[in-house]
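Colleague: Sharing input.cif here; it has mmCIF, C-alpha atoms.
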data_run
#
loop_
_atom_site.label_atom_id
_atom_site.label_comp_id
_atom_site.auth_asym_id
_atom_site.auth_seq_id
_atom_site.Cartn_x
_atom_site.Cartn_y
_atom_site.Cartn_z
CA MET B 1021 6.45 90.98 150.58
CA GLU B 1022 5.67 90.70 154.22
CA SER B 1023 7.41 87.38 154.53
CA CYS B 1024 10.66 88.71 153.11
CA GLU B 1025 11.33 90.79 156.15
CA ILE B 1026 11.54 87.78 158.42
CA HIS B 1027 14.99 86.25 159.24
CA ILE B 1028 16.60 87.95 156.27
CA ASN B 1029 19.94 88.87 157.90
CA GLU B 1030 20.51 85.92 160.17
CA SER B 1031 23.78 84.20 159.27
CA SER B 1032 22.60 80.86 160.68
CA LEU B 1033 19.73 80.80 158.25
CA ARG B 1034 19.52 77.70 156.04
CA ILE B 1035 18.65 78.05 152.40
CA GLU B 1036 15.33 76.31 153.05
CA ASP B 1037 14.37 79.07 155.49
CA VAL B 1038 14.91 81.86 153.00
CA VAL B 1039 11.80 83.33 151.50
CA PRO B 1040 12.88 84.88 148.23
CA TYR B 1041 11.51 87.88 146.36
CA GLU B 1042 9.84 87.33 143.03
CA ASP B 1043 12.87 88.53 141.01
CA GLU B 1044 15.18 86.27 143.05
CA LYS B 1045 13.02 83.26 142.19
CA GLU B 1046 13.22 84.24 138.54
CA ARG B 1047 16.99 84.66 138.51
CA ALA B 1048 17.63 81.49 140.52
CA SER B 1049 15.36 79.50 138.24
CA GLY B 1050 17.16 81.07 135.28
CA CYS B 1051 20.45 79.41 136.41
CA TYR B 1052 18.96 75.98 135.85
CA ILE B 1053 17.15 76.93 132.66
CA MET B 1054 20.40 78.36 131.33
CA SER B 1055 22.21 75.06 131.90
CA LEU B 1056 19.33 73.16 130.27
CA VAL B 1057 19.29 75.38 127.20
CA ALA B 1058 23.07 75.26 126.97
CA VAL B 1059 23.01 71.46 127.12
CA MET B 1060 20.48 71.36 124.30
CA ILE B 1061 22.30 73.89 122.11
CA GLY B 1062 25.77 72.59 122.73
CA LEU B 1063 24.96 68.91 123.02
CA PRO B 1064 27.82 67.70 120.84
CA MET B 1065 30.31 69.96 122.59
CA PRO B 1066 30.18 69.22 126.30
CA ILE B 1067 32.11 72.35 127.28
CA ILE B 1068 29.27 74.71 126.33
CA ASN B 1069 26.94 73.93 129.24
CA LEU B 1070 29.75 74.39 131.76
CA VAL B 1071 30.80 77.70 130.21
CA ALA B 1072 27.19 78.95 130.07
CA THR B 1073 26.51 77.98 133.68
CA GLY B 1074 29.85 79.48 134.69
CA ILE B 1075 28.95 82.80 133.04
CA PHE B 1076 25.57 82.79 134.75
CA TYR B 1077 27.27 82.00 138.06
CA LEU B 1078 29.68 84.94 137.64
CA MET B 1079 26.75 87.21 136.84
CA SER B 1080 24.92 86.02 139.95
CA ARG B 1081 27.89 86.16 142.29
CA LYS B 1082 26.87 89.46 143.73
CA GLY B 1083 23.21 88.52 143.94
CA THR B 1084 21.27 87.58 147.03
CA PHE B 1085 21.91 84.40 148.99
CA PHE B 1086 19.02 82.56 147.34
CA VAL B 1087 20.28 83.36 143.83
CA ARG B 1088 23.92 82.62 144.69
CA TRP B 1089 23.05 79.34 146.34
CA ASN B 1090 21.08 78.11 143.36
CA SER B 1091 23.58 79.30 140.76
CA THR B 1092 26.36 77.58 142.74
CA GLN B 1093 24.40 74.35 142.89
CA ALA B 1094 23.71 74.60 139.13
CA LEU B 1095 27.41 75.15 138.45
CA ILE B 1096 28.61 72.32 140.70
CA SER B 1097 26.12 69.93 139.12
CA GLN B 1098 27.65 70.67 135.72
CA VAL B 1099 31.24 69.79 136.70
CA PRO B 1100 30.93 65.96 136.89
CA LEU B 1101 28.66 66.07 133.85
CA PHE B 1102 31.34 68.02 131.99
CA VAL B 1103 34.03 65.48 132.88
CA MET B 1104 31.90 62.45 131.97
CA ASN B 1105 30.53 63.95 128.75
CA ASN B 1106 33.99 65.05 127.70
CA ILE B 1107 35.39 61.55 128.07
CA LEU B 1108 32.41 60.22 126.11
CA PHE B 1109 32.77 62.91 123.44
CA TRP B 1110 36.47 62.29 122.77
CA TRP B 1111 36.03 58.53 122.97
CA THR B 1112 33.26 58.80 120.33
CA ILE B 1113 35.47 61.00 118.14
CA ARG B 1114 38.26 58.43 118.40
CA ILE B 1115 35.88 55.69 117.26
CA LEU B 1116 34.41 57.79 114.44
CA PHE B 1117 37.90 58.65 113.22
CA CYS B 1118 38.94 55.00 113.57
CA PHE B 1119 41.68 55.63 116.10
CA SER B 1120 40.04 53.00 118.29
CA ASP B 1121 37.48 50.27 117.79
CA LEU B 1122 33.94 50.09 119.04
CA SER B 1123 33.80 47.99 122.21
CA SER B 1124 31.32 46.77 124.78
CA THR B 1125 33.14 48.93 127.35
CA TYR B 1126 32.37 52.02 125.26
CA ILE B 1127 28.70 51.07 124.99
CA ALA B 1128 28.57 50.39 128.75
CA TYR B 1129 30.10 53.80 129.44
CA PHE B 1130 27.75 55.42 126.91
CA ILE B 1131 24.72 53.93 128.69
CA THR B 1132 25.99 54.88 132.16
CA VAL B 1133 26.78 58.46 131.18
CA ASN B 1134 23.45 58.82 129.41
CA LEU B 1135 21.63 57.56 132.51
CA TYR B 1136 23.50 60.19 134.48
CA ASN B 1137 22.58 62.82 131.90
CA ILE B 1138 18.91 61.85 132.20
CA TYR B 1139 19.15 62.08 135.99
CA ASP B 1140 20.83 65.47 135.68
CA PHE B 1141 18.19 66.64 133.22
CA VAL B 1142 15.31 65.60 135.49
CA GLU B 1143 16.94 67.21 138.52
CA THR B 1144 17.59 70.41 136.58
CA VAL B 1145 13.97 70.63 135.43
CA LEU B 1146 12.72 69.96 138.97
CA SER B 1147 15.13 72.57 140.33
CA ALA B 1148 14.01 75.14 137.77
CA VAL B 1149 10.33 74.53 138.52
CA ASN B 1150 10.71 74.44 142.30
CA THR B 1151 12.98 77.45 142.41
CA ARG B 1152 10.51 79.41 140.33
CA LYS B 1153 7.93 78.56 143.01
CA GLY B 1154 10.31 79.80 145.67
CA LYS B 1155 11.12 76.34 147.00
CA VAL B 1156 14.62 74.91 147.27
CA HIS B 1157 15.40 71.76 145.38
CA ARG B 1158 18.41 70.24 147.05
CA TRP B 1159 20.47 67.77 144.99
CA TYR B 1160 22.15 64.85 146.63
CA LEU B 1161 25.82 65.71 147.26
CA TYR B 1162 25.76 68.97 145.26
CA GLY B 1163 23.36 70.57 147.75
CA THR B 1164 25.70 69.67 150.63
CA ILE B 1165 28.76 70.98 148.77
CA THR B 1166 26.86 74.18 147.93
CA ASP B 1167 26.04 74.65 151.64
CA LYS B 1168 29.77 74.54 152.36
CA ILE B 1169 30.75 76.90 149.56
CA CYS B 1170 27.92 79.36 149.61
CA LYS B 1171 27.84 81.46 152.78
CA ARG B 1172 25.42 84.24 153.51
CA MET P 389 32.78 67.71 155.56
CA LYS P 390 32.04 64.14 156.67
CA LYS P 391 28.62 64.39 155.08
CA ILE P 392 30.15 65.53 151.79
CA LEU P 393 32.64 62.66 151.80
CA LYS P 394 29.90 60.18 152.62
CA GLU P 395 27.64 61.45 149.86
CA PHE P 396 30.56 61.61 147.45
CA PHE P 397 31.45 58.02 148.26
CA ILE P 398 27.86 56.84 147.75
CA SER P 399 27.50 58.78 144.47
CA THR P 400 30.79 57.41 143.12
CA LEU P 401 29.85 53.92 144.21
CA LEU P 402 26.49 54.25 142.49
CA PHE P 403 28.07 55.51 139.27
CA PHE P 404 30.71 52.81 139.12
CA GLY P 405 28.15 50.23 140.26
CA ILE P 406 25.94 51.03 137.28
CA PHE P 407 28.99 51.08 135.02
CA HIS P 408 30.09 47.72 136.39
CA VAL P 409 26.64 46.21 135.79
CA THR P 410 26.52 47.52 132.21
CA LEU P 411 30.02 46.16 131.66
CA GLN P 412 28.78 42.64 132.31
CA VAL P 413 26.75 42.66 129.09
CA ASP P 414 28.43 41.82 125.80
CA TRP P 415 26.78 44.69 123.94
CA LEU P 416 28.57 44.03 120.65
CA ASN P 417 27.15 40.53 120.47
CA LEU P 418 23.77 41.66 121.69
CA PHE P 419 23.40 44.26 118.94
CA HIS P 420 25.32 42.18 116.37
CA LEU P 421 27.98 44.85 115.98
CA SER P 422 31.59 44.38 114.99
CA PRO P 423 34.38 46.43 116.64
CA THR P 424 35.38 47.93 113.31
CA ILE P 425 31.84 48.69 112.13
CA VAL P 426 32.43 52.45 111.70
CA GLY P 427 35.56 52.00 109.61
CA ASP P 428 34.01 49.14 107.66
CA LYS P 429 30.92 51.13 106.72
CA LEU P 430 33.04 54.09 105.71
CA SER P 431 35.36 51.83 103.76
CA GLU P 432 32.40 50.36 101.88
CA TRP P 433 31.19 53.83 101.02
CA VAL P 434 34.63 54.97 99.89
CA TRP P 435 35.06 51.82 97.82
CA ASP P 436 31.73 52.49 96.09
CA LEU P 437 32.97 55.98 95.23
CA THR P 438 36.38 54.71 94.14
CA TYR P 439 34.87 51.99 91.98
CA LYS P 440 32.55 54.48 90.25
CA GLY P 441 35.62 56.53 89.32
CA LEU P 442 37.44 53.57 87.81
CA ASN P 443 37.25 52.45 84.24
CA GLU P 444 37.28 48.73 84.94
CA VAL P 445 38.59 46.41 82.25
CA LYS P 446 36.08 43.61 81.84
CA ASN P 447 37.70 41.91 78.88
CA ASP P 448 38.10 38.19 79.66
CA ASN P 449 41.49 38.10 77.95
CA VAL P 450 42.72 40.43 80.68
CA ARG P 451 40.59 39.41 83.64
CA LEU P 452 40.90 35.65 83.45
CA PRO P 453 44.73 35.46 83.39
CA ILE P 454 44.96 37.95 86.27
CA ASP P 455 42.34 36.03 88.25
CA THR P 456 44.31 32.84 87.62
CA LEU P 457 47.51 34.41 88.93
CA VAL P 458 45.73 35.79 92.01
CA HIS P 459 44.06 32.46 92.67
CA GLU P 460 47.39 30.63 92.37
CA MET P 461 49.05 33.07 94.71
CA CYS P 462 46.27 32.83 97.31
CA THR P 463 46.12 29.04 97.18
CA ALA P 464 49.89 28.64 97.49
CA ASN P 465 50.02 31.00 100.46
CA GLY P 466 46.90 29.92 102.37
CA ILE P 467 44.99 33.12 101.68
CA ASP P 468 41.25 33.03 101.15
CA THR P 469 40.90 33.84 97.44
CA THR P 470 37.39 35.22 97.88
CA SER P 471 38.60 37.76 100.43
CA ILE P 472 40.76 39.56 97.86
CA SER P 473 39.52 41.25 94.75
CA VAL P 474 41.81 42.55 92.06
CA VAL P 475 40.33 45.19 89.78
CA ILE P 476 42.02 46.15 86.52
CA SER P 477 41.62 49.82 85.80
CA ARG P 478 42.08 51.28 82.32
CA ASN P 479 44.61 53.92 83.24
CA PRO P 480 47.97 54.68 81.56
CA ASP P 481 49.65 55.52 84.90
CA VAL P 482 52.12 52.88 85.99
CA ASN P 483 50.46 52.26 89.33
CA ALA P 484 48.87 49.65 91.55
CA PHE P 485 47.57 50.03 95.07
CA ALA P 486 45.70 48.20 97.75
CA THR P 487 42.65 49.98 99.01
CA VAL P 488 39.64 49.64 101.30
CA GLY P 489 37.82 46.35 101.59
CA ARG P 490 40.81 44.24 100.52
CA HIS P 491 40.65 45.46 96.94
CA ILE P 492 43.79 45.74 94.84
CA ILE P 493 43.67 48.07 91.87
CA VAL P 494 46.11 47.42 89.05
CA ASN P 495 46.36 49.95 86.21
CA THR P 496 46.69 48.76 82.63
CA GLY P 497 49.72 51.08 82.34
CA LEU P 498 51.53 48.93 84.86
CA ILE P 499 50.64 45.62 83.20
CA GLU P 500 52.01 46.97 79.91
CA LYS P 501 55.40 47.58 81.53
CA MET P 502 55.69 44.07 82.96
CA ASP P 503 58.02 41.69 81.09
CA ASN P 504 56.52 38.48 82.40
CA GLU P 505 53.89 36.99 84.68
CA ALA P 506 56.31 36.71 87.60
CA GLN P 507 56.86 40.47 87.57
CA LEU P 508 53.13 41.06 87.54
CA CYS P 509 52.80 38.59 90.42
CA ALA P 510 55.53 40.50 92.25
CA VAL P 511 53.46 43.69 92.05
CA ILE P 512 50.25 41.95 93.13
CA GLY P 513 52.19 40.04 95.81
CA HIS P 514 53.60 43.28 97.21
CA GLU P 515 50.11 44.76 97.53
CA MET P 516 48.68 41.54 98.92
CA ALA P 517 51.48 41.51 101.49
CA HIS P 518 50.42 44.99 102.65
CA LEU P 519 46.90 43.65 103.16
CA GLU P 520 48.02 40.42 104.82
CA LEU P 521 50.51 42.15 107.13
CA GLY P 522 47.82 44.62 108.21
CA HIS P 523 49.85 47.64 107.13
CA ILE P 524 47.01 49.65 105.79
CA GLN P 525 43.89 48.44 107.51
CA SER P 526 43.82 51.14 110.16
CA GLY P 527 45.51 53.77 108.02
CA ILE P 528 43.14 53.15 105.18
CA ARG P 529 40.12 53.77 107.38
CA GLN P 530 41.61 57.08 108.36
CA GLN P 531 42.00 57.90 104.68
CA ALA P 532 38.34 57.02 104.29
CA ILE P 533 37.47 59.55 107.00
CA PHE P 534 39.68 62.08 105.24
CA GLN P 535 37.77 61.48 102.00
CA VAL P 536 34.46 61.88 103.77
CA ILE P 537 35.61 65.20 105.26
CA LEU P 538 36.89 66.34 101.87
CA ILE P 539 33.58 65.49 100.21
CA LEU P 540 31.64 67.24 102.96
CA LEU P 541 33.86 70.33 102.79
CA THR P 542 34.03 70.62 99.03
CA GLY P 543 30.45 69.45 98.58
CA ASN P 544 31.34 67.52 95.47
CA GLY P 545 32.49 64.13 94.43
CA ASN P 546 35.36 64.92 92.11
CA ILE P 547 36.20 61.28 92.38
CA ASP P 548 39.37 61.22 90.27
CA SER P 549 41.19 63.76 92.35
CA LEU P 550 39.93 62.16 95.54
CA ILE P 551 41.22 58.77 94.46
CA ASN P 552 44.59 60.30 93.59
CA ILE P 553 44.84 62.13 96.87
CA THR P 554 43.83 59.05 98.80
CA SER P 555 46.13 56.65 97.02
CA GLN P 556 48.99 59.09 97.55
CA MET P 557 48.11 59.43 101.20
CA ILE P 558 47.97 55.68 101.59
CA SER P 559 51.42 55.27 100.09
CA ASN P 560 52.74 58.14 102.17
CA SER P 561 51.34 56.59 105.32
CA ILE P 562 53.27 53.38 104.73
CA THR P 563 56.75 53.62 106.17
CA ARG P 564 59.89 52.45 104.40
CA ALA P 565 60.21 49.62 106.91
CA LYS P 566 56.75 48.42 105.98
CA GLU P 567 57.55 48.68 102.27
CA ASN P 568 60.59 46.47 102.85
CA GLU P 569 58.47 44.00 104.80
CA ALA P 570 55.91 43.91 101.99
CA ASP P 571 58.68 43.39 99.39
CA LYS P 572 60.04 40.46 101.36
CA GLN P 573 56.63 38.95 102.01
CA GLY P 574 55.78 39.42 98.33
CA ALA P 575 58.97 37.57 97.37
CA ARG P 576 57.97 34.74 99.73
CA PHE P 577 54.55 34.64 98.07
CA LEU P 578 56.28 34.22 94.68
CA TYR P 579 58.52 31.50 96.02
CA ALA P 580 55.57 29.60 97.53
CA MET P 581 53.87 29.52 94.14
CA HIS P 582 57.11 28.29 92.52
CA LEU P 583 57.89 31.52 90.76
CA ASN P 584 61.30 33.14 90.92
CA PRO P 585 61.30 35.35 94.04
CA MET P 586 64.12 37.42 92.55
CA GLU P 587 61.57 38.79 90.10
CA MET P 588 60.54 41.06 92.97
CA ALA P 589 64.01 42.59 92.88
CA ASN P 590 63.96 42.74 89.07
CA THR P 591 60.62 44.54 89.18
CA LEU P 592 61.90 47.09 91.65
CA GLU P 593 65.00 47.66 89.54
CA SER P 594 62.94 48.02 86.39
CA PHE P 595 60.92 50.75 88.07
CA GLU P 596 64.19 52.45 88.89
CA SER P 597 65.26 52.28 85.25
CA TYR P 598 61.87 53.48 83.96
CA GLY P 599 62.06 56.40 86.34
CA ILE P 600 58.62 55.62 87.62
CA LEU P 601 57.76 57.70 90.63
CA SER P 602 54.26 56.69 91.41
CA TYR P 603 54.43 53.01 92.17
CA ILE P 604 55.50 51.50 95.48
CA SER P 605 55.76 54.97 96.93
CA ASP P 606 59.47 55.48 97.34
CA HIS P 607 61.27 55.48 94.04
CA ALA P 608 64.58 56.75 95.41
CA ASP P 609 64.77 53.75 97.65
CA SER P 610 63.86 51.04 95.17
CA LYS P 611 67.46 50.10 94.31
CA LYS P 612 68.19 49.52 97.98
CA ARG P 613 65.00 47.57 98.34
CA ALA P 614 65.95 45.37 95.40
CA GLU P 615 69.30 44.71 97.12
CA ASN P 616 67.46 43.63 100.27
CA ILE P 617 65.50 41.09 98.24
CA ARG P 618 68.68 39.76 96.64
CA LYS P 619 70.10 39.15 100.11
CA MET P 620 67.19 36.87 100.99
CA HIS P 621 67.86 33.15 101.07
CA PHE P 622 65.60 30.77 99.19
CA PRO P 623 66.74 27.12 99.26
CA HIS P 624 65.26 26.02 95.95
CA LYS P 625 66.92 27.67 92.95
CA GLY P 626 64.58 26.67 90.18
CA PRO P 627 63.62 25.77 87.59
CA TYR P 628 60.57 27.87 88.19
CA ARG P 629 57.19 27.18 86.72
CA GLN P 630 55.20 29.19 84.25
CA ILE P 631 51.55 29.60 85.16
CA LEU P 632 50.18 31.23 82.03
CA SER P 633 51.06 30.00 78.58
CA GLN P 634 53.06 32.38 76.38
CA GLU P 635 50.00 32.73 74.18
CA THR P 636 47.77 33.78 77.10
CA TRP P 637 50.38 36.27 78.28
CA GLU P 638 50.62 37.77 74.80
CA LYS P 639 46.84 37.94 74.54
CA LEU P 640 46.71 39.70 77.87
CA LYS P 641 49.24 42.30 76.79
CA ASN P 642 47.57 42.81 73.42
CA SER P 643 44.09 43.24 74.93
CA LEU P 644 45.05 46.20 77.11
#
The structure given in the file should be rewritten as structure tokens.

Modeller:
Amino acid sequence: MESCEIHINESSLRIEDVVPYEDEKERASGCYIMSLVAVMIGLPMPIINLVATGIFYLMSRKGTFFVRWNSTQALISQVPLFVMNNILFWWTIRILFCFSDLSSTYIAYFITVNLYNIYDFVETVLSAVNTRKGKVHRWYLYGTITDKICKR
Amino acid sequence: MKKILKEFFISTLLFFGIFHVTLQVDWLNLFHLSPTIVGDKLSEWVWDLTYKGLNEVKNDNVRLPIDTLVHEMCTANGIDTTSISVVISRNPDVNAFATVGRHIIVNTGLIEKMDNEAQLCAVIGHEMAHLELGHIQSGIRQQAIFQVILILLTGNGNIDSLINITSQMISNSITRAKENEADKQGARFLYAMHLNPMEMANTLESFESYGILSYISDHADSKKRAENIRKMHFPHKGPYRQILSQETWEKLKNSL
């Protein structure tokens, strides 16, 4: 509690310097858990994780900087995943419905996108765990974009 | 902003780099997969279902003459005989259709209506032409998917109705242009095996006179299609051969 009073209203403060309250940690961690759960539930339909994260982002918009920053990073991380998984999803549907043939290019894309999904999954778990501990887990590229978007 | 662009560039490069590396592998060969594996597996399954719903005629008096005609047609036209299977189904409907897995189903009702072996060959030739010209390969797989969805939705295998729906869909999916192409190719098949190619036109006209709706999809057009065949030019004008003896043909008709 004592630590929360330090630096709290300084606009130059970086996300790493913020010391969040317990409920902030919980809500910020929830952003990542939400996207994980949504991915698992809606695995065949790639839109679900983006929608779920988007809803959580809207709910957290008026939250504190720590919560906003993490929910923004969670949302941004879902956008490329959404695009890639969507392409894969519709490509798979086309093959299953015999509108196109199975090809090595499809398998190559399938492997690449799945590697990216695994990377995303690991990063999301790490983010959820670290955020719950009050630490910031900064993703490559998405963390930088979030810094630009999310102002105090 | 520069940092974002730099990181974006590196991320994109990494993604496409991995994609490029995975593209270098011939995955289909590696896993022994064929490009049409999904459709082929579905087609096999649909054929199993279709075959179960058929009442196949196994009488040698019927099967052997038909097999002889098919063999003659394939040999004369450079088609692998083993790749095509003709199944005779005990069914009074005047109908024949090509279906999944290069199977041609000919109903006994249709054979009964045929005046001679050349007319029967015209029907088989028309269906074989659809297979050889690739008219139904892709369409037929989509029908297979449709059947799968129907079975999953209805939760039953009312095979007869499924076969009817599918065969109708297959004929509906074939355009008039393709029907004309198959007629012409069928006539060429007859000619190559030294049968009268004009029997294709006669067959189409006979369907017109019988008022048969089901066969070769578009009854209203069959007169025009027969005219198209009559316009075709075949240098040799006969005499044409007879493959089956009159006795065998009679036996075939009497055994139905």

Colleague: So how far away is atom CA of Thr1092 of chain B from atom CA of Thr1144 of chain B, in Å?

Modeller: 12.9 Å

Colleague: Find the residues near Cys509 of chain P: any atom within 9 Å, counting only C-alpha atoms, skip ones fewer than 2 places away on the same chain, and give them as a list in words.

Modeller: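 Everything that qualifies: Ile454, Leu457, Val458, Met461, Asn504, Glu505, Ala506, Gln507, Val511, Ile512, Gly513, His514, Gly574, Phe577, Leu578, Leu583, Glu587 and Met588 of chain P.
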
Colleague: When you look at Phe1076 of chain B with a cut-off of 10 Å (counting all atoms listed in the file), what residues show up, excluding the ones that are within fewer than 3 positions of it in the same chain? I need them as a PDB file with C-alpha atoms, in the coordinates of the input.

Modeller:
ATOM      1  CA  ARG B1047      16.990  84.660 138.510  1.00  0.00           C
ATOM      2  CA  ALA B1048      17.630  81.490 140.520  1.00  0.00           C
ATOM      3  CA  GLY B1050      17.160  81.070 135.280  1.00  0.00           C
ATOM      4  CA  CYS B1051      20.450  79.410 136.410  1.00  0.00           C
ATOM      5  CA  TYR B1052      18.960  75.980 135.850  1.00  0.00           C
ATOM      6  CA  MET B1054      20.400  78.360 131.330  1.00  0.00           C
ATOM      7  CA  SER B1055      22.210  75.060 131.900  1.00  0.00           C
ATOM      8  CA  LEU B1070      29.750  74.390 131.760  1.00  0.00           C
ATOM      9  CA  VAL B1071      30.800  77.700 130.210  1.00  0.00           C
ATOM     10  CA  ALA B1072      27.190  78.950 130.070  1.00  0.00           C
ATOM     11  CA  THR B1073      26.510  77.980 133.680  1.00  0.00           C
ATOM     12  CA  MET B1079      26.750  87.210 136.840  1.00  0.00           C
ATOM     13  CA  SER B1080      24.920  86.020 139.950  1.00  0.00           C
ATOM     14  CA  ARG B1081      27.890  86.160 142.290  1.00  0.00           C
ATOM     15  CA  SER B1091      23.580  79.300 140.760  1.00  0.00           C
ATOM     16  CA  THR B1092      26.360  77.580 142.740  1.00  0.00           C
ATOM     17  CA  ALA B1094      23.710  74.600 139.130  1.00  0.00           C
ATOM     18  CA  LEU B1095      27.410  75.150 138.450  1.00  0.00           C
TER      19      LEU B1095
END

Colleague: If I take atom CA of Glu520 of chain P and atom CA of Leu498 of chain P, how far is one from the other in Å, to one decimal?

Modeller: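 These two atoms are separated by 22.0 Å.
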
Colleague: What gap, in Å, lies between atom CA of Asn1134 of chain B and atom CA of Leu1101 of chain B?

Modeller: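 It comes out at 10.0 Å.
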
Colleague: When the PyMOL selection byres ((chain B) within 7 of (chain P)) is applied to the structure above, which residues does it catch, written out as a VMD selection string?

Modeller: chain B and resid 1116 to 1118 1121 to 1125 1127 to 1129 1132 1161 1164 to 1165

Colleague: Let me know the residues the PyMOL selection byres ((chain P and resi 443) around 10) catches in the file above, as a PyMOL selection string.

Modeller: chain P and resi 439-442+444-446+475-479+495

Colleague: Taking all atoms of segment 1101-1111 of chain B that the file lists, what box with edges along x, y and z, padded by 8 Å per side, do you get, with centre and edge lengths in Å to one decimal, as lines of an AutoDock Vina configuration file?

Modeller:
center_x = 32.6
center_y = 63.3
center_z = 128.3
size_x = 23.8
size_y = 25.5
size_z = 27.1

Colleague: Go through the shown structure with the PyMOL selection byres ((chain P and resi 618-625) around 10) and write out the matching residues as a list in words.

Modeller: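 This file gives the following for the PyMOL selection byres ((chain P and resi 618-625) around 10): Lys572, Ala575, Arg576, Tyr579, His582, Asn584, Pro585, Met586, Glu587, Met588, Ala589, Asn590, Lys612, Arg613, Ala614, Glu615, Asn616, Ile617, Gly626, Pro627 and Tyr628 of chain P.
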
Colleague: For Gly1154 of chain B, work out the shell of residues within 10 Å, counting only C-alpha atoms and skipping chain neighbours fewer than 3 positions away, then give it as number ranges by chain.

Modeller: B: 1036, 1038-1042, 1044-1046, 1048-1049, 1086, 1148-1151, 1157

Colleague: Can you write out the residues you just picked, keeping C-alpha atoms, as a short mmCIF file (atom, residue, chain, number, x, y, z; two decimals), in the frame of the given file?

Modeller:
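As written to disk, out.cif reads:
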data_model
loop_
_atom_site.label_atom_id
_atom_site.label_comp_id
_atom_site.auth_asym_id
_atom_site.auth_seq_id
_atom_site.Cartn_x
_atom_site.Cartn_y
_atom_site.Cartn_z
CA GLU B 1036 15.33 76.31 153.05
CA VAL B 1038 14.91 81.86 153.00
CA VAL B 1039 11.80 83.33 151.50
CA PRO B 1040 12.88 84.88 148.23
CA TYR B 1041 11.51 87.88 146.36
CA GLU B 1042 9.84 87.33 143.03
CA GLU B 1044 15.18 86.27 143.05
CA LYS B 1045 13.02 83.26 142.19
CA GLU B 1046 13.22 84.24 138.54
CA ALA B 1048 17.63 81.49 140.52
CA SER B 1049 15.36 79.50 138.24
CA PHE B 1086 19.02 82.56 147.34
CA ALA B 1148 14.01 75.14 137.77
CA VAL B 1149 10.33 74.53 138.52
CA ASN B 1150 10.71 74.44 142.30
CA THR B 1151 12.98 77.45 142.41
CA HIS B 1157 15.40 71.76 145.38
#

Colleague: Write out as a ChimeraX atom specification which residues come within 12 Å of Pro480 of chain P when counting all atoms listed in the file, dropping same-chain ones fewer than 5 positions away.

Modeller: /P:443,494-501,602,644

Colleague: Mind checking which residues fall within 8 Å of Val1133 of chain B, counting all atoms listed in the file, ignoring those fewer than 4 positions away in the same chain, and posting them as a short mmCIF file (atom, residue, chain, number, x, y, z; two decimals) with C-alpha atoms, keeping the file's coordinate frame?

Modeller:
data_model
loop_
_atom_site.label_atom_id
_atom_site.label_comp_id
_atom_site.auth_asym_id
_atom_site.auth_seq_id
_atom_site.Cartn_x
_atom_site.Cartn_y
_atom_site.Cartn_z
CA MET B 1104 31.90 62.45 131.97
CA ASN B 1105 30.53 63.95 128.75
CA LEU B 1108 32.41 60.22 126.11
CA TYR B 1129 30.10 53.80 129.44
CA ASN B 1137 22.58 62.82 131.90
#

Colleague: Between B:Asn1106, B:Thr1112, B:Asp1043, B:Tyr1160, which is the closest to Val1087 of chain B once you count all atoms listed in the file?

Modeller: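 Distance minimum relative to Val1087 of chain B lands on B:Asp1043.
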